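Enquirer: My file is input08.cif. It has mmCIF, C-alpha atoms:
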```cif
data_input
#
loop_
_atom_site.label_atom_id
_atom_site.label_comp_id
_atom_site.auth_asym_id
_atom_site.auth_seq_id
_atom_site.Cartn_x
_atom_site.Cartn_y
_atom_site.Cartn_z
CA MET A 4 -22.98 8.55 -0.11
CA ASN A 5 -23.66 8.54 -3.77
CA ARG A 6 -23.48 5.61 -6.13
CA ASN A 7 -20.62 7.12 -8.13
CA SER A 8 -18.33 7.48 -5.11
CA ILE A 9 -19.10 3.89 -4.11
CA SER A 10 -18.26 2.72 -7.64
CA VAL A 11 -14.93 4.53 -7.49
CA LEU A 12 -14.24 3.04 -4.05
CA LYS A 13 -15.02 -0.46 -5.32
CA GLU A 14 -12.81 0.02 -8.38
CA ASN A 15 -9.89 1.32 -6.29
CA LYS A 16 -10.36 -1.51 -3.77
CA ASP A 17 -10.20 -4.03 -6.62
CA TYR A 18 -7.00 -2.43 -7.95
CA LEU A 19 -5.51 -2.73 -4.47
CA ILE A 20 -6.47 -6.41 -4.27
CA SER A 21 -4.78 -7.06 -7.61
CA SER A 22 -1.70 -5.10 -6.58
CA LEU A 23 -1.46 -7.08 -3.34
CA ALA A 24 -1.44 -10.36 -5.26
CA TRP A 25 1.54 -9.22 -7.33
CA LEU A 26 3.28 -7.80 -4.26
CA ALA A 27 2.87 -11.09 -2.40
CA ARG A 28 4.31 -12.97 -5.39
CA SER A 29 7.42 -10.76 -5.45
CA TYR A 30 7.73 -10.86 -1.67
CA ASN A 31 7.80 -14.66 -1.65
CA GLN A 32 10.44 -14.73 -4.38
CA CYS A 33 12.65 -12.23 -2.54
CA LYS A 34 12.24 -13.95 0.83
CA ASN A 35 13.74 -17.02 -0.80
CA ILE A 36 16.61 -15.00 -2.28
CA GLY A 37 17.41 -13.26 1.01
CA ILE A 38 19.65 -10.26 1.54
CA LYS A 39 23.10 -10.40 -0.04
CA GLU A 40 25.98 -8.12 -0.84
CA GLU A 41 25.73 -9.01 -4.52
CA TYR A 42 22.80 -10.25 -6.62
CA THR A 43 22.59 -12.13 -9.86
CA ALA A 44 20.76 -10.32 -12.64
CA VAL A 45 17.66 -12.45 -12.03
CA GLU A 46 17.76 -11.80 -8.28
CA TYR A 47 18.22 -8.08 -8.84
CA ASP A 48 15.24 -8.08 -11.21
CA SER A 49 13.17 -9.83 -8.54
CA TYR A 50 14.03 -7.13 -6.01
CA GLU A 51 13.34 -4.40 -8.55
CA ASN A 52 9.90 -5.93 -9.08
CA LEU A 53 9.35 -6.07 -5.31
CA THR A 54 10.29 -2.45 -4.71
CA SER A 55 8.19 -1.27 -7.65
CA ARG A 56 5.18 -3.26 -6.49
CA PHE A 57 5.68 -2.05 -2.92
CA ALA A 58 5.66 1.58 -4.09
CA ARG A 59 2.61 1.05 -6.30
CA THR A 60 0.67 -0.72 -3.55
CA THR A 61 1.53 2.01 -1.05
CA ASP A 62 0.29 4.65 -3.50
CA LEU A 63 -2.92 2.73 -4.19
CA LEU A 64 -3.62 2.24 -0.49
CA VAL A 65 -3.07 5.82 0.59
CA ASN A 66 -3.70 7.99 -2.46
CA LYS A 67 -6.55 6.04 -4.01
CA VAL A 68 -8.35 3.79 -1.53
CA MET A 69 -8.09 5.82 1.67
CA ARG A 70 -9.07 8.98 -0.20
CA SER A 71 -11.95 7.11 -1.87
CA ILE A 72 -13.22 6.12 1.58
CA ASP A 73 -13.30 9.79 2.58
CA VAL A 74 -15.28 10.71 -0.54
CA ALA A 75 -17.66 7.77 -0.13
CA GLU A 76 -18.33 8.92 3.45
CA LEU A 77 -19.03 12.44 2.16
CA LEU A 78 -15.99 13.98 3.82
CA GLU A 79 -14.21 16.90 2.25
CA PRO A 80 -11.04 15.71 0.57
CA GLY A 81 -8.21 17.17 2.56
CA SER A 82 -4.50 16.82 2.82
CA LEU A 83 -2.74 13.49 3.02
CA ILE A 84 -2.41 14.07 6.76
CA ASP A 85 -6.20 14.46 7.02
CA THR A 86 -6.73 11.23 5.10
CA VAL A 87 -4.27 9.29 7.26
CA ASN A 88 -5.68 10.73 10.49
CA ARG A 89 -9.16 9.64 9.41
CA ALA A 90 -7.88 6.14 8.64
CA ALA A 91 -6.44 6.00 12.15
CA SER A 92 -9.70 7.20 13.71
CA ARG A 93 -11.56 4.49 11.78
CA GLY A 94 -9.20 1.88 13.22
CA ILE A 95 -7.88 0.92 9.80
CA ILE A 96 -4.31 1.76 10.78
CA ASN A 97 -2.70 1.57 14.19
CA SER A 98 -0.87 4.86 13.89
CA THR A 99 -0.16 7.58 11.41
CA GLU A 100 3.54 6.76 11.80
CA GLN A 101 2.97 3.43 10.01
CA ILE A 102 1.78 5.22 6.90
CA ARG A 103 4.46 7.89 7.19
CA TYR A 104 7.14 5.18 7.26
CA LEU A 105 5.63 3.35 4.27
CA LYS A 106 5.37 6.60 2.29
CA ASP A 107 8.94 7.57 3.20
CA LEU A 108 10.17 4.16 2.09
CA ARG A 109 8.16 4.50 -1.13
CA ASN A 110 9.84 7.86 -1.77
CA GLU A 111 13.25 6.37 -1.05
CA ILE A 112 12.56 3.66 -3.65
CA ALA A 113 11.69 6.30 -6.23
CA HIS A 114 14.89 8.27 -5.59
CA GLU A 115 17.48 5.58 -4.82
CA TYR A 116 20.38 5.71 -7.26
CA GLU A 117 23.33 4.40 -5.23
CA PRO A 118 23.95 0.69 -5.81
CA GLU A 119 25.88 0.34 -2.54
CA THR A 120 22.80 1.19 -0.46
CA LEU A 121 20.45 -1.16 -2.28
CA ALA A 122 20.91 -3.98 0.27
CA GLU A 123 19.64 -1.63 3.00
CA LEU A 124 16.68 -0.60 0.85
CA PHE A 125 15.88 -4.21 -0.04
CA THR A 126 16.01 -5.14 3.65
CA ALA A 127 13.67 -2.32 4.64
CA VAL A 128 11.18 -3.23 1.93
CA LEU A 129 11.32 -6.93 2.75
CA GLU A 130 10.62 -6.12 6.41
CA SER A 131 7.81 -3.69 5.56
CA VAL A 132 5.82 -5.78 3.09
CA PRO A 133 3.94 -7.72 5.82
CA VAL A 134 2.88 -4.42 7.42
CA LEU A 135 1.69 -3.06 4.07
CA ILE A 136 -0.24 -6.26 3.39
CA GLN A 137 -1.88 -6.19 6.81
CA LEU A 138 -2.90 -2.54 6.51
CA SER A 139 -4.19 -3.12 3.00
CA GLU A 140 -6.25 -6.12 4.09
CA ARG A 141 -7.80 -4.13 6.94
CA THR A 142 -8.58 -1.32 4.54
CA ILE A 143 -10.16 -3.74 2.07
CA GLU A 144 -12.35 -5.16 4.85
CA TYR A 145 -13.45 -1.64 5.77
CA CYS A 146 -14.25 -0.89 2.12
CA GLU A 147 -16.24 -4.07 1.71
CA GLN A 148 -18.31 -3.24 4.79
CA LEU A 149 -18.90 0.30 3.54
CA ILE A 150 -19.94 -1.00 0.12
CA ALA A 151 -22.26 -3.59 1.70
CA ASP A 152 -23.85 -0.97 3.95
CA GLN A 153 -24.46 1.25 0.93
CA SER A 154 -26.13 -1.55 -1.01
CA ARG A 155 -28.60 -2.03 1.88
CA ASP A 156 -29.64 1.64 1.82
#
```
What does the file become when written as structure tokens?

Expert:
Amino acid sequence: MNRNSISVLKENKDYLISSLAWLARSYNQCKNIGIKEEYTAVEYDSYENLTSRFARTTDLLVNKVMRSIDVAELLEPGSLIDTVNRAASRGIINSTEQIRYLKDLRNEIAHEYEPETLAELFTAVLESVPVLIQLSERTIEYCEQLIADQSRD
């Protein structure tokens, strides 16, 4: 491990922590709103914030932090599948299917244009936020241990 890769890992981990705080804020607001057939403008804005923060947190977790772990452990950066498989082998995630589902949902958020299917999307995101938070927290713990181990060397 080199100091630069550890610095990048720490920076990405800190971004993830910040993103999680905003995601949790939106999640709590939307839990209180619930799922409806129609939303007020304020409620709709709250859900828009939640879906955006969900997508951003998913991207940070997978594309930044998990890849930074690989680099910090001197592994060749590979495909997203390689990165996710390594996260599973480290015990950070329970299965690669968890990440696949989160990434698919993130992609659906980015490409959803039909107002009549928004309630389904909002429901899926609301149900998936606790999983994303749990996986992110486990990843953060792994990062902190890796950073601590490096500082001892």

Enquirer: I'd like the residues picked by the PyMOL selection byres ((chain A and resi 36-44) around 12) written out as a CSV table (one decimal) with C-alpha atoms, keeping the file's coordinate frame, using the chain letters and numbers from the file.

Expert:
```csv
chain,number,residue,atom,x,y,z
A,29,SER,CA,7.4,-10.8,-5.4
A,30,TYR,CA,7.7,-10.9,-1.7
A,31,ASN,CA,7.8,-14.7,-1.6
A,32,GLN,CA,10.4,-14.7,-4.4
A,33,CYS,CA,12.6,-12.2,-2.5
A,34,LYS,CA,12.2,-14.0,0.8
A,35,ASN,CA,13.7,-17.0,-0.8
A,45,VAL,CA,17.7,-12.4,-12.0
A,46,GLU,CA,17.8,-11.8,-8.3
A,47,TYR,CA,18.2,-8.1,-8.8
A,48,ASP,CA,15.2,-8.1,-11.2
A,49,SER,CA,13.2,-9.8,-8.5
A,50,TYR,CA,14.0,-7.1,-6.0
A,51,GLU,CA,13.3,-4.4,-8.6
A,53,LEU,CA,9.4,-6.1,-5.3
A,118,PRO,CA,24.0,0.7,-5.8
A,119,GLU,CA,25.9,0.3,-2.5
A,120,THR,CA,22.8,1.2,-0.5
A,121,LEU,CA,20.4,-1.2,-2.3
A,122,ALA,CA,20.9,-4.0,0.3
A,123,GLU,CA,19.6,-1.6,3.0
A,124,LEU,CA,16.7,-0.6,0.8
A,125,PHE,CA,15.9,-4.2,0.0
A,126,THR,CA,16.0,-5.1,3.6
A,127,ALA,CA,13.7,-2.3,4.6
A,128,VAL,CA,11.2,-3.2,1.9
A,129,LEU,CA,11.3,-6.9,2.8
A,130,GLU,CA,10.6,-6.1,6.4
```

Enquirer: Check the smallest atom-to-atom distance from each of A:Arg28, A:Arg155, A:Lys16, A:Arg59 to Ile112 in chain A using all atoms listed in the file, then report the winner.

Expert: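 Looking only at the distances to Ile112 in chain A, the closest residue turns out to be A:Arg59.
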
Enquirer: Report, in Å with one decimal, the straight-line distance from CA of Met69 in chain A to CA of Leu12 in chain A.

Expert: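 Separation between CA of Met69 in chain A and CA of Leu12 in chain A: 8.8 Å.
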
Enquirer: Can you turn the PyMOL selection byres ((chain A and resi 10) around 12) into a concrete residue list for this file, as an MDAnalysis selection string?

Expert: chainID A and resid 4:9 11:17 68 71:72 74:75 146:147 149:151 153:154

Enquirer: Can you write just those residues out, C-alpha atoms, as a PDB file, in the coordinates of the input?

Expert:
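Once written, part.pdb looks like this:
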```pdb
ATOM      1  CA  MET A   4     -22.980   8.550  -0.110  1.00  0.00           C
ATOM      2  CA  ASN A   5     -23.660   8.540  -3.770  1.00  0.00           C
ATOM      3  CA  ARG A   6     -23.480   5.610  -6.130  1.00  0.00           C
ATOM      4  CA  ASN A   7     -20.620   7.120  -8.130  1.00  0.00           C
ATOM      5  CA  SER A   8     -18.330   7.480  -5.110  1.00  0.00           C
ATOM      6  CA  ILE A   9     -19.100   3.890  -4.110  1.00  0.00           C
ATOM      7  CA  VAL A  11     -14.930   4.530  -7.490  1.00  0.00           C
ATOM      8  CA  LEU A  12     -14.240   3.040  -4.050  1.00  0.00           C
ATOM      9  CA  LYS A  13     -15.020  -0.460  -5.320  1.00  0.00           C
ATOM     10  CA  GLU A  14     -12.810   0.020  -8.380  1.00  0.00           C
ATOM     11  CA  ASN A  15      -9.890   1.320  -6.290  1.00  0.00           C
ATOM     12  CA  LYS A  16     -10.360  -1.510  -3.770  1.00  0.00           C
ATOM     13  CA  ASP A  17     -10.200  -4.030  -6.620  1.00  0.00           C
ATOM     14  CA  VAL A  68      -8.350   3.790  -1.530  1.00  0.00           C
ATOM     15  CA  SER A  71     -11.950   7.110  -1.870  1.00  0.00           C
ATOM     16  CA  ILE A  72     -13.220   6.120   1.580  1.00  0.00           C
ATOM     17  CA  VAL A  74     -15.280  10.710  -0.540  1.00  0.00           C
ATOM     18  CA  ALA A  75     -17.660   7.770  -0.130  1.00  0.00           C
ATOM     19  CA  CYS A 146     -14.250  -0.890   2.120  1.00  0.00           C
ATOM     20  CA  GLU A 147     -16.240  -4.070   1.710  1.00  0.00           C
ATOM     21  CA  LEU A 149     -18.900   0.300   3.540  1.00  0.00           C
ATOM     22  CA  ILE A 150     -19.940  -1.000   0.120  1.00  0.00           C
ATOM     23  CA  ALA A 151     -22.260  -3.590   1.700  1.00  0.00           C
ATOM     24  CA  GLN A 153     -24.460   1.250   0.930  1.00  0.00           C
ATOM     25  CA  SER A 154     -26.130  -1.550  -1.010  1.00  0.00           C
TER      26      SER A 154
END
```

Enquirer: Pick out the closest residue to Ala90 in chain A from this set: A:Thr54, A:Ala113, A:Asp73, A:Thr61. Count only C-alpha atoms.

Expert: A:Asp73

Enquirer: Taking into account only C-alpha atoms, which residue in the set A:Glu140, A:Asp107, A:Glu76, A:Asp85 is nearest to Ser21 in chain A?

Expert: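 Of the candidates, the smallest distance to Ser21 in chain A is held by A:Glu140.
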
Enquirer: Please evaluate the PyMOL selection byres ((chain A and resi 138) around 10) against the displayed coordinates and give the resulting residues as a PyMOL selection string.

Expert: chain A and resi 61+64+95-97+101-102+132-137+139-144

Enquirer: Could you tell me how far CA of Arg109 in chain A sits from CA of Thr86 in chain A, in Å to one decimal place?

Expert: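 So the two atoms, CA of Thr86 in chain A and CA of Arg109 in chain A, lie 17.5 Å apart.
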
Enquirer: When you count all atoms listed in the file, which of these residues is closest to Pro80 in chain A: A:Leu23, A:Asn66, A:Gln148, A:Leu108?

Expert: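 The shortest atom-to-atom distance to Pro80 in chain A comes from A:Asn66.
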
Enquirer: Interatomic distance between CA of His114 in chain A and CA of Gly81 in chain A?

Expert: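 We find that CA of His114 in chain A and CA of Gly81 in chain A lie 26.1 Å from each other.
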
Enquirer: Taking all atoms of range 104-116 of chain A that appear in the file, build a box with edges along x, y and z, extend it by 4 Å on every side, and state its centre and edge lengths in Å to one decimal, as JSON.

Expert:
```
{"center_x": 12.9, "center_y": 5.8, "center_z": 0.0, "size_x": 23.0, "size_y": 12.9, "size_z": 22.5}
```
